[in-house]
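Undergrad: Contents are PDB, C-alpha atoms, pLDDT in the B column; file name final-v7.pdb:
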ATOM      1  CA  MET M   1     111.774  83.633 103.160  1.00 76.00           C
ATOM      2  CA  ILE M   2     113.311  85.332 100.188  1.00 82.00           C
ATOM      3  CA  ASP M   3     116.987  86.170 100.581  1.00 80.00           C
ATOM      4  CA  LYS M   4     117.947  89.736  99.651  1.00 87.00           C
ATOM      5  CA  THR M   5     121.371  88.705  98.350  1.00 89.00           C
ATOM      6  CA  ASN M   6     119.857  85.892  96.317  1.00 88.00           C
ATOM      7  CA  LEU M   7     117.310  88.247  94.758  1.00 94.00           C
ATOM      8  CA  LYS M   8     120.063  90.736  93.917  1.00 94.00           C
ATOM      9  CA  SER M   9     121.966  87.971  92.093  1.00 95.00           C
ATOM     10  CA  VAL M  10     118.860  86.944  90.123  1.00 96.00           C
ATOM     11  CA  LEU M  11     118.139  90.544  89.126  1.00 96.00           C
ATOM     12  CA  SER M  12     121.750  90.926  87.993  1.00 97.00           C
ATOM     13  CA  ARG M  13     121.416  87.816  85.816  1.00 97.00           C
ATOM     14  CA  ILE M  14     118.236  89.244  84.320  1.00 97.00           C
ATOM     15  CA  VAL M  15     120.064  92.458  83.396  1.00 96.00           C
ATOM     16  CA  SER M  16     122.893  90.463  81.796  1.00 97.00           C
ATOM     17  CA  ALA M  17     120.433  88.350  79.804  1.00 97.00           C
ATOM     18  CA  LYS M  18     118.697  91.530  78.622  1.00 96.00           C
ATOM     19  CA  GLU M  19     122.033  92.862  77.413  1.00 95.00           C
ATOM     20  CA  ARG M  20     122.531  89.710  75.350  1.00 95.00           C
ATOM     21  CA  SER M  21     119.037  90.011  73.890  1.00 93.00           C
ATOM     22  CA  ASP M  22     117.908  91.838  70.765  1.00 90.00           C
ATOM     23  CA  HIS M  23     114.572  92.609  72.423  1.00 87.00           C
ATOM     24  CA  SER M  24     113.804  95.757  74.360  1.00 81.00           C
ATOM     25  CA  GLY M  25     111.307  96.184  77.155  1.00 86.00           C
ATOM     26  CA  LYS M  26     110.955  95.508  80.835  1.00 92.00           C
ATOM     27  CA  VAL M  27     111.120  92.008  82.299  1.00 96.00           C
ATOM     28  CA  GLU M  28     108.791  91.442  85.248  1.00 97.00           C
ATOM     29  CA  VAL M  29     109.564  88.853  87.918  1.00 98.00           C
ATOM     30  CA  VAL M  30     106.594  86.750  89.013  1.00 98.00           C
ATOM     31  CA  ALA M  31     107.502  85.258  92.383  1.00 97.00           C
ATOM     32  CA  VAL M  32     106.024  81.748  92.424  1.00 97.00           C
ATOM     33  CA  THR M  33     104.928  81.292  96.023  1.00 95.00           C
ATOM     34  CA  LYS M  34     103.244  77.900  95.687  1.00 93.00           C
ATOM     35  CA  ASN M  35     103.757  75.734  98.788  1.00 92.00           C
ATOM     36  CA  HIS M  36     105.321  78.632 100.672  1.00 93.00           C
ATOM     37  CA  SER M  37     103.712  80.545 103.515  1.00 93.00           C
ATOM     38  CA  ALA M  38     101.921  83.862 103.119  1.00 95.00           C
ATOM     39  CA  SER M  39     104.865  85.533 104.875  1.00 94.00           C
ATOM     40  CA  VAL M  40     106.927  84.835 101.746  1.00 95.00           C
ATOM     41  CA  ILE M  41     104.535  87.041  99.775  1.00 96.00           C
ATOM     42  CA  VAL M  42     105.044  89.863 102.269  1.00 96.00           C
ATOM     43  CA  SER M  43     108.839  89.524 102.262  1.00 94.00           C
ATOM     44  CA  SER M  44     108.898  89.462  98.450  1.00 95.00           C
ATOM     45  CA  TYR M  45     106.782  92.610  98.354  1.00 96.00           C
ATOM     46  CA  ASN M  46     109.051  94.338 100.870  1.00 95.00           C
ATOM     47  CA  LEU M  47     112.018  93.612  98.595  1.00 95.00           C
ATOM     48  CA  GLY M  48     110.308  95.261  95.639  1.00 95.00           C
ATOM     49  CA  LEU M  49     108.539  92.407  93.836  1.00 97.00           C
ATOM     50  CA  ARG M  50     105.002  93.291  92.771  1.00 97.00           C
ATOM     51  CA  HIS M  51     103.804  90.090  91.078  1.00 98.00           C
ATOM     52  CA  ILE M  52     103.185  86.763  92.807  1.00 97.00           C
ATOM     53  CA  GLY M  53     102.085  83.555  91.114  1.00 98.00           C
ATOM     54  CA  GLU M  54     100.023  80.729  92.571  1.00 98.00           C
ATOM     55  CA  ASN M  55      99.155  77.361  90.989  1.00 96.00           C
ATOM     56  CA  ARG M  56      96.164  76.432  93.131  1.00 97.00           C
ATOM     57  CA  VAL M  57      93.002  78.433  93.694  1.00 97.00           C
ATOM     58  CA  GLN M  58      92.359  77.157  97.219  1.00 97.00           C
ATOM     59  CA  GLU M  59      95.912  77.857  98.364  1.00 97.00           C
ATOM     60  CA  GLY M  60      95.802  81.323  96.830  1.00 97.00           C
ATOM     61  CA  GLU M  61      92.503  82.053  98.559  1.00 97.00           C
ATOM     62  CA  LYS M  62      93.922  81.044 101.952  1.00 97.00           C
ATOM     63  CA  LYS M  63      97.006  83.234 101.553  1.00 97.00           C
ATOM     64  CA  THR M  64      94.945  86.170 100.339  1.00 95.00           C
ATOM     65  CA  ARG M  65      92.951  86.049 103.570  1.00 95.00           C
ATOM     66  CA  GLU M  66      96.168  85.889 105.587  1.00 96.00           C
ATOM     67  CA  ILE M  67      97.684  88.981 103.963  1.00 96.00           C
ATOM     68  CA  GLU M  68      94.540  91.086 103.652  1.00 92.00           C
ATOM     69  CA  THR M  69      95.469  93.191 106.687  1.00 92.00           C
ATOM     70  CA  GLN M  70      98.862  94.016 105.146  1.00 92.00           C
ATOM     71  CA  ASN M  71      99.208  97.183 103.100  1.00 92.00           C
ATOM     72  CA  LEU M  72     100.478  95.554  99.897  1.00 96.00           C
ATOM     73  CA  THR M  73      99.443  98.306  97.497  1.00 96.00           C
ATOM     74  CA  GLY M  74     100.101  97.427  93.868  1.00 97.00           C
ATOM     75  CA  LEU M  75     100.520  93.697  94.430  1.00 98.00           C
ATOM     76  CA  THR M  76      99.238  91.650  91.471  1.00 98.00           C
ATOM     77  CA  LYS M  77      98.076  88.121  92.253  1.00 98.00           C
ATOM     78  CA  ARG M  78      98.485  85.970  89.160  1.00 98.00           C
ATOM     79  CA  PHE M  79      97.005  82.501  88.693  1.00 98.00           C
ATOM     80  CA  ILE M  80      99.561  80.469  86.756  1.00 98.00           C
ATOM     81  CA  GLY M  81      98.405  76.860  87.226  1.00 96.00           C
ATOM     82  CA  HIS M  82      96.055  74.576  85.338  1.00 96.00           C
ATOM     83  CA  LEU M  83      92.575  75.982  85.922  1.00 97.00           C
ATOM     84  CA  GLN M  84      89.652  73.585  86.094  1.00 95.00           C
ATOM     85  CA  SER M  85      86.299  74.906  84.871  1.00 94.00           C
ATOM     86  CA  ASN M  86      84.638  74.368  88.241  1.00 96.00           C
ATOM     87  CA  LYS M  87      87.190  76.667  89.905  1.00 97.00           C
ATOM     88  CA  VAL M  88      86.678  79.652  87.578  1.00 98.00           C
ATOM     89  CA  ASN M  89      84.264  81.560  89.841  1.00 97.00           C
ATOM     90  CA  LYS M  90      86.500  81.335  92.893  1.00 97.00           C
ATOM     91  CA  CYS M  91      89.607  82.068  90.828  1.00 98.00           C
ATOM     92  CA  LEU M  92      88.162  85.358  89.634  1.00 98.00           C
ATOM     93  CA  ASP M  93      87.301  86.275  93.225  1.00 96.00           C
ATOM     94  CA  VAL M  94      90.888  85.703  94.386  1.00 97.00           C
ATOM     95  CA  PHE M  95      93.235  86.571  91.526  1.00 98.00           C
ATOM     96  CA  ASP M  96      93.868  89.690  89.468  1.00 98.00           C
ATOM     97  CA  THR M  97      94.954  87.844  86.321  1.00 98.00           C
ATOM     98  CA  ILE M  98      94.748  84.342  84.860  1.00 98.00           C
ATOM     99  CA  ASP M  99      97.964  83.569  83.011  1.00 98.00           C
ATOM    100  CA  SER M 100      97.117  80.028  81.903  1.00 97.00           C
ATOM    101  CA  VAL M 101      93.988  80.082  79.728  1.00 98.00           C
ATOM    102  CA  HIS M 102      94.454  76.828  77.846  1.00 97.00           C
ATOM    103  CA  SER M 103      91.316  76.642  75.669  1.00 97.00           C
ATOM    104  CA  PHE M 104      88.550  78.710  74.102  1.00 98.00           C
ATOM    105  CA  LYS M 105      86.025  76.862  76.268  1.00 97.00           C
ATOM    106  CA  LEU M 106      87.822  78.027  79.413  1.00 98.00           C
ATOM    107  CA  ALA M 107      88.171  81.569  78.063  1.00 98.00           C
ATOM    108  CA  LYS M 108      84.420  81.681  77.405  1.00 98.00           C
ATOM    109  CA  LYS M 109      83.630  80.510  80.926  1.00 98.00           C
ATOM    110  CA  ILE M 110      85.931  83.182  82.362  1.00 98.00           C
ATOM    111  CA  SER M 111      84.271  85.768  80.141  1.00 98.00           C
ATOM    112  CA  ASN M 112      80.785  84.753  81.243  1.00 98.00           C
ATOM    113  CA  ARG M 113      81.690  84.932  84.918  1.00 98.00           C
ATOM    114  CA  ALA M 114      83.538  88.225  84.490  1.00 98.00           C
ATOM    115  CA  MET M 115      80.388  89.738  82.959  1.00 98.00           C
ATOM    116  CA  VAL M 116      78.284  88.578  85.909  1.00 97.00           C
ATOM    117  CA  ILE M 117      80.608  90.186  88.463  1.00 96.00           C
ATOM    118  CA  GLU M 118      81.196  93.224  86.212  1.00 96.00           C
ATOM    119  CA  LYS M 119      84.937  92.772  86.145  1.00 95.00           C
ATOM    120  CA  LYS M 120      87.422  92.886  83.278  1.00 96.00           C
ATOM    121  CA  ILE M 121      90.054  90.228  83.756  1.00 98.00           C
ATOM    122  CA  PRO M 122      93.489  90.306  82.083  1.00 98.00           C
ATOM    123  CA  VAL M 123      94.555  86.899  80.775  1.00 98.00           C
ATOM    124  CA  LEU M 124      97.388  85.177  78.973  1.00 98.00           C
ATOM    125  CA  LEU M 125      96.780  82.288  76.584  1.00 98.00           C
ATOM    126  CA  GLU M 126      98.745  79.147  77.387  1.00 98.00           C
ATOM    127  CA  ILE M 127     100.427  77.645  74.313  1.00 98.00           C
ATOM    128  CA  LYS M 128     101.948  74.193  73.846  1.00 96.00           C
ATOM    129  CA  THR M 129     105.303  74.792  72.209  1.00 94.00           C
ATOM    130  CA  SER M 130     106.593  71.254  72.689  1.00 87.00           C
ATOM    131  CA  GLU M 131     105.243  67.758  72.099  1.00 81.00           C
ATOM    132  CA  GLU M 132     105.142  66.770  75.768  1.00 79.00           C
ATOM    133  CA  LYS M 133     101.788  65.173  76.562  1.00 78.00           C
ATOM    134  CA  THR M 134     101.800  66.534  80.118  1.00 79.00           C
ATOM    135  CA  LYS M 135     101.611  70.120  78.839  1.00 85.00           C
ATOM    136  CA  HIS M 136      98.323  71.982  78.476  1.00 90.00           C
ATOM    137  CA  GLY M 137      97.409  74.729  76.050  1.00 96.00           C
ATOM    138  CA  PHE M 138      96.493  75.748  72.538  1.00 97.00           C
ATOM    139  CA  GLY M 139      98.463  74.137  69.753  1.00 95.00           C
ATOM    140  CA  SER M 140     100.671  76.699  68.042  1.00 93.00           C
ATOM    141  CA  GLN M 141      98.604  76.319  64.850  1.00 95.00           C
ATOM    142  CA  GLU M 142      95.272  77.052  66.546  1.00 97.00           C
ATOM    143  CA  THR M 143      95.428  80.754  65.781  1.00 97.00           C
ATOM    144  CA  ASN M 144      91.732  81.058  64.929  1.00 97.00           C
ATOM    145  CA  GLU M 145      90.745  79.802  68.389  1.00 97.00           C
ATOM    146  CA  MET M 146      93.244  82.180  69.995  1.00 98.00           C
ATOM    147  CA  LEU M 147      91.842  85.133  68.072  1.00 98.00           C
ATOM    148  CA  LEU M 148      88.302  84.154  69.082  1.00 97.00           C
ATOM    149  CA  CYS M 149      89.387  84.486  72.704  1.00 98.00           C
ATOM    150  CA  THR M 150      90.379  88.100  72.058  1.00 97.00           C
ATOM    151  CA  GLU M 151      86.806  88.887  70.978  1.00 97.00           C
ATOM    152  CA  LEU M 152      85.154  87.693  74.185  1.00 98.00           C
ATOM    153  CA  PRO M 153      83.710  90.403  76.435  1.00 97.00           C
ATOM    154  CA  ASN M 154      85.186  91.262  79.836  1.00 98.00           C
ATOM    155  CA  ILE M 155      88.523  89.575  79.261  1.00 97.00           C
ATOM    156  CA  GLN M 156      91.636  91.250  77.938  1.00 97.00           C
ATOM    157  CA  VAL M 157      94.172  88.986  76.262  1.00 98.00           C
ATOM    158  CA  GLN M 158      97.493  90.638  77.024  1.00 98.00           C
ATOM    159  CA  GLY M 159      99.800  87.996  75.607  1.00 98.00           C
ATOM    160  CA  LEU M 160     100.937  84.381  75.650  1.00 98.00           C
ATOM    161  CA  MET M 161     102.477  81.938  78.090  1.00 98.00           C
ATOM    162  CA  THR M 162     104.378  78.690  77.674  1.00 98.00           C
ATOM    163  CA  MET M 163     106.432  76.153  79.569  1.00 96.00           C
ATOM    164  CA  ALA M 164     109.602  74.888  77.943  1.00 94.00           C
ATOM    165  CA  PRO M 165     110.112  71.139  77.462  1.00 93.00           C
ATOM    166  CA  PHE M 166     111.651  69.266  80.363  1.00 91.00           C
ATOM    167  CA  THR M 167     115.098  68.715  78.882  1.00 92.00           C
ATOM    168  CA  GLN M 168     118.735  69.695  79.255  1.00 92.00           C
ATOM    169  CA  ASP M 169     118.909  70.475  75.545  1.00 95.00           C
ATOM    170  CA  GLN M 170     119.157  74.255  75.470  1.00 96.00           C
ATOM    171  CA  GLU M 171     118.420  74.445  71.755  1.00 96.00           C
ATOM    172  CA  LYS M 172     115.070  72.700  72.270  1.00 95.00           C
ATOM    173  CA  ILE M 173     114.295  75.099  75.110  1.00 97.00           C
ATOM    174  CA  ARG M 174     115.282  78.081  73.001  1.00 97.00           C
ATOM    175  CA  LYS M 175     113.165  76.834  70.098  1.00 96.00           C
ATOM    176  CA  SER M 176     110.149  76.578  72.406  1.00 96.00           C
ATOM    177  CA  PHE M 177     110.520  80.208  73.490  1.00 97.00           C
ATOM    178  CA  ARG M 178     111.200  81.412  69.962  1.00 97.00           C
ATOM    179  CA  THR M 179     108.036  79.660  68.766  1.00 97.00           C
ATOM    180  CA  LEU M 180     106.007  81.625  71.318  1.00 98.00           C
ATOM    181  CA  ARG M 181     107.547  84.941  70.255  1.00 97.00           C
ATOM    182  CA  PHE M 182     106.913  84.266  66.574  1.00 97.00           C
ATOM    183  CA  LEU M 183     103.323  83.296  67.389  1.00 98.00           C
ATOM    184  CA  LEU M 184     102.720  86.550  69.267  1.00 98.00           C
ATOM    185  CA  GLU M 185     104.066  88.497  66.304  1.00 97.00           C
ATOM    186  CA  LYS M 186     101.834  86.512  63.948  1.00 97.00           C
ATOM    187  CA  LEU M 187      98.700  87.172  65.993  1.00 97.00           C
ATOM    188  CA  ASN M 188      99.471  90.883  66.264  1.00 97.00           C
ATOM    189  CA  ASN M 189     100.041  91.048  62.509  1.00 96.00           C
ATOM    190  CA  GLN M 190      96.727  89.310  61.837  1.00 95.00           C
ATOM    191  CA  LYS M 191      94.898  91.633  64.204  1.00 95.00           C
ATOM    192  CA  PRO M 192      97.005  94.770  64.783  1.00 92.00           C
ATOM    193  CA  GLU M 193      94.519  96.332  67.177  1.00 94.00           C
ATOM    194  CA  LEU M 194      95.380  93.660  69.743  1.00 92.00           C
ATOM    195  CA  LYS M 195      98.825  95.080  70.501  1.00 92.00           C
ATOM    196  CA  MET M 196      99.618  92.103  72.743  1.00 96.00           C
ATOM    197  CA  ARG M 197     103.046  92.396  74.292  1.00 96.00           C
ATOM    198  CA  GLU M 198     103.359  89.919  77.162  1.00 98.00           C
ATOM    199  CA  LEU M 199     105.432  86.782  76.764  1.00 98.00           C
ATOM    200  CA  SER M 200     105.391  84.825  80.014  1.00 98.00           C
ATOM    201  CA  MET M 201     108.153  82.305  79.512  1.00 98.00           C
ATOM    202  CA  GLY M 202     111.097  81.194  81.571  1.00 97.00           C
ATOM    203  CA  MET M 203     111.371  79.597  85.002  1.00 97.00           C
ATOM    204  CA  SER M 204     114.193  79.085  87.482  1.00 95.00           C
ATOM    205  CA  SER M 205     116.145  76.709  85.254  1.00 95.00           C
ATOM    206  CA  ASP M 206     115.806  78.544  81.942  1.00 97.00           C
ATOM    207  CA  PHE M 207     114.829  82.187  82.540  1.00 98.00           C
ATOM    208  CA  GLU M 208     118.012  83.579  80.995  1.00 97.00           C
ATOM    209  CA  ILE M 209     117.356  81.790  77.695  1.00 98.00           C
ATOM    210  CA  ALA M 210     113.771  83.027  77.817  1.00 98.00           C
ATOM    211  CA  ILE M 211     114.878  86.638  78.274  1.00 98.00           C
ATOM    212  CA  GLU M 212     117.331  86.321  75.406  1.00 97.00           C
ATOM    213  CA  GLU M 213     114.365  85.213  73.279  1.00 97.00           C
ATOM    214  CA  GLY M 214     112.159  88.131  74.291  1.00 97.00           C
ATOM    215  CA  SER M 215     110.395  87.142  77.522  1.00 98.00           C
ATOM    216  CA  THR M 216     108.645  89.995  79.320  1.00 98.00           C
ATOM    217  CA  MET M 217     107.721  87.949  82.388  1.00 98.00           C
ATOM    218  CA  VAL M 218     109.672  85.193  84.157  1.00 98.00           C
ATOM    219  CA  ARG M 219     108.090  82.894  86.741  1.00 98.00           C
ATOM    220  CA  LEU M 220     110.648  82.236  89.466  1.00 97.00           C
ATOM    221  CA  GLY M 221     110.214  80.087  92.537  1.00 94.00           C
ATOM    222  CA  THR M 222     113.025  77.715  93.462  1.00 92.00           C
ATOM    223  CA  ILE M 223     115.797  80.139  92.541  1.00 94.00           C
ATOM    224  CA  LEU M 224     114.319  82.761  94.890  1.00 93.00           C
ATOM    225  CA  PHE M 225     112.978  80.666  97.767  1.00 89.00           C
ATOM    226  CA  GLY M 226     114.715  77.306  97.558  1.00 81.00           C
ATOM    227  CA  LYS M 227     112.936  73.998  97.024  1.00 75.00           C
ATOM    228  CA  ARG M 228     109.250  73.918  97.890  1.00 62.00           C
ATOM    229  CA  ASN M 229     107.701  71.665 100.471  1.00 57.00           C
ATOM    230  CA  SER M 230     105.686  68.923  98.778  1.00 50.00           C
TER     231      SER M 230
END
Would you mind writing the file out in structure tokens?
TA:
Amino acid sequence: MIDKTNLKSVLSRIVSAKERSDHSGKVEVVAVTKNHSASVIVSSYNLGLRHIGENRVQEGEKKTREIETQNLTGLTKRFIGHLQSNKVNKCLDVFDTIDSVHSFKLAKKISNRAMVIEKKIPVLLEIKTSEEKTKHGFGSQETNEMLLCTELPNIQVQGLMTMAPFTQDQEKIRKSFRTLRFLLEKLNNQKPELKMRELSMGMSSDFEIAIEEGSTMVRLGTILFGKRNS
């Protein structure tokens, strides 16, 4: 379960990071509920959180069934994991947004399915801002492919997402987040009608740096709920 005192401390740290930042705007907390029970979603909602993030389609589907009798008005279920093409149909049935679109091919498949079910799906494009081979996403120079995604029907590209490199070097982490912010500005300048604003960057270990660099959405799990069960 989420601890009220713990959440209050995290929210206070978010406010402090915002005060150190040159960037205005609201910072949303996405509660990462992977490997936690559906009751964690309910407790998070009851404490005021309105975004939850899941990494696996099947797990998200199971929890959605378990909470469907709850009156969780305004809850946004965000898919934040690596999405395989064969899971796109089910993902769109379960989740409200897909925050990890890592290729034009995947974006096109989402678009095609969204047209079939007559649904417009908000998405974020996942960007590789480090050289780690384990990371997925568009290369930061692949702006043409990113812009092509914005032209697909029935999807709305609202912004970008990244994961910082796995390192203790705060300057490398900061550079990763700054790269994403500069890229968003570049895309908006190339195509002003986009007006993308979301920067999903920052997790439990680095969310304060991310907010200082302009994050609008931080994905927090361990710091809210403790370590996950494997």
Undergrad: So that all listed atoms of segment 45-51 of chain M fit with 5 Å spare on each side, what axis-aligned box centre and edge lengths in Å, to one decimal, would you give as lines of an AutoDock Vina configuration file?
TA:
center_x = 107.9
center_y = 92.7
center_z = 96.0
size_x = 18.2
size_y = 15.2
size_z = 19.8
Undergrad: Which is closest to Gly221 of chain M among M:Lys186, M:Lys26, M:Lys8, M:His36, if we use all atoms listed in the file?
TA: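 Closest to Gly221 of chain M, using all atoms listed in the file: M:His36.
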Undergrad: So how many Å separate atom CA of Thr73 of chain M and atom CA of Gly48 of chain M, to one decimal?
TA: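 For atom CA of Thr73 of chain M relative to atom CA of Gly48 of chain M, the distance reads 11.4 Å.
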Undergrad: Would you work out the distance separating atom CA of Gly74 of chain M from atom CA of His51 of chain M, expressed in Å to one decimal?
TA: 8.7 Å
Undergrad: Name the residues that the PyMOL selection byres ((chain M and resi 57) around 8) picks from the file above, as a list of chain:residue names, using the file's chain letters and numbers.
TA: M:Glu54, M:Asn55, M:Arg56, M:Gln58, M:Glu59, M:Gly60, M:Glu61, M:Phe79, M:Lys87, M:Lys90, M:Cys91, M:Val94
Undergrad: Write out, as an mmCIF file, in the coordinates of the input, the residues just selected, with C-alpha atoms.
TA:
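Result written to result_35.cif:
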data_model
loop_
_atom_site.group_PDB
_atom_site.id
_atom_site.type_symbol
_atom_site.label_atom_id
_atom_site.label_comp_id
_atom_site.auth_asym_id
_atom_site.auth_seq_id
_atom_site.Cartn_x
_atom_site.Cartn_y
_atom_site.Cartn_z
ATOM 1 C CA GLU M 54 100.023 80.729 92.571
ATOM 2 C CA ASN M 55 99.155 77.361 90.989
ATOM 3 C CA ARG M 56 96.164 76.432 93.131
ATOM 4 C CA GLN M 58 92.359 77.157 97.219
ATOM 5 C CA GLU M 59 95.912 77.857 98.364
ATOM 6 C CA GLY M 60 95.802 81.323 96.830
ATOM 7 C CA GLU M 61 92.503 82.053 98.559
ATOM 8 C CA PHE M 79 97.005 82.501 88.693
ATOM 9 C CA LYS M 87 87.190 76.667 89.905
ATOM 10 C CA LYS M 90 86.500 81.335 92.893
ATOM 11 C CA CYS M 91 89.607 82.068 90.828
ATOM 12 C CA VAL M 94 90.888 85.703 94.386
#
Undergrad: Might you pull out every residue within 9 Å of Leu220 of chain M, with all atoms listed in the file counted and same-chain residues fewer than 5 positions away left off, and present them as an MDAnalysis selection string?
TA: chainID M and resid 29:33 53 202:205 207 225
Undergrad: Return as a PDB file with C-alpha atoms, keeping the file's coordinate frame the set of residues that the PyMOL selection byres ((chain M and resi 123) around 7) yields on the displayed structure.
TA:
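The new file expr_30.pdb reads:
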ATOM      1  CA  THR M  97      94.954  87.844  86.321  1.00 98.00           C
ATOM      2  CA  ILE M  98      94.748  84.342  84.860  1.00 98.00           C
ATOM      3  CA  ASP M  99      97.964  83.569  83.011  1.00 98.00           C
ATOM      4  CA  VAL M 101      93.988  80.082  79.728  1.00 98.00           C
ATOM      5  CA  ILE M 121      90.054  90.228  83.756  1.00 98.00           C
ATOM      6  CA  PRO M 122      93.489  90.306  82.083  1.00 98.00           C
ATOM      7  CA  LEU M 124      97.388  85.177  78.973  1.00 98.00           C
ATOM      8  CA  LEU M 125      96.780  82.288  76.584  1.00 98.00           C
ATOM      9  CA  ILE M 155      88.523  89.575  79.261  1.00 97.00           C
ATOM     10  CA  GLN M 156      91.636  91.250  77.938  1.00 97.00           C
ATOM     11  CA  VAL M 157      94.172  88.986  76.262  1.00 98.00           C
ATOM     12  CA  GLN M 158      97.493  90.638  77.024  1.00 98.00           C
TER      13      GLN M 158
END
Undergrad: Restricting the calculation to only C-alpha atoms: of M:Val10, M:Val40, M:Val218, M:Leu147, which residue gets closest to Met196 of chain M?
TA: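 Between M:Val10, M:Val40, M:Val218, M:Leu147, the residue approaching Met196 of chain M most closely is M:Leu147.
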Undergrad: Going by the chain IDs and residue numbers used in this file, which residues fall under the PyMOL selection byres ((chain M and resi 188) around 12)? Write them as a ChimeraX atom specification.
TA: /M:143,146-147,150,157-160,181-187,189-198
Undergrad: Could you please determine the separation between atom CA of Leu92 of chain M and atom CA of Ala107 of chain M in Å, to one decimal place?
TA: 12.2 Å
Undergrad: Hey, can you pull every residue with an atom no more than 12 Å from (116.7, 75.4, 98.8), using all atoms listed in the file, and send it as a ChimeraX atom specification?
TA: /M:1-3,6,36,221-229
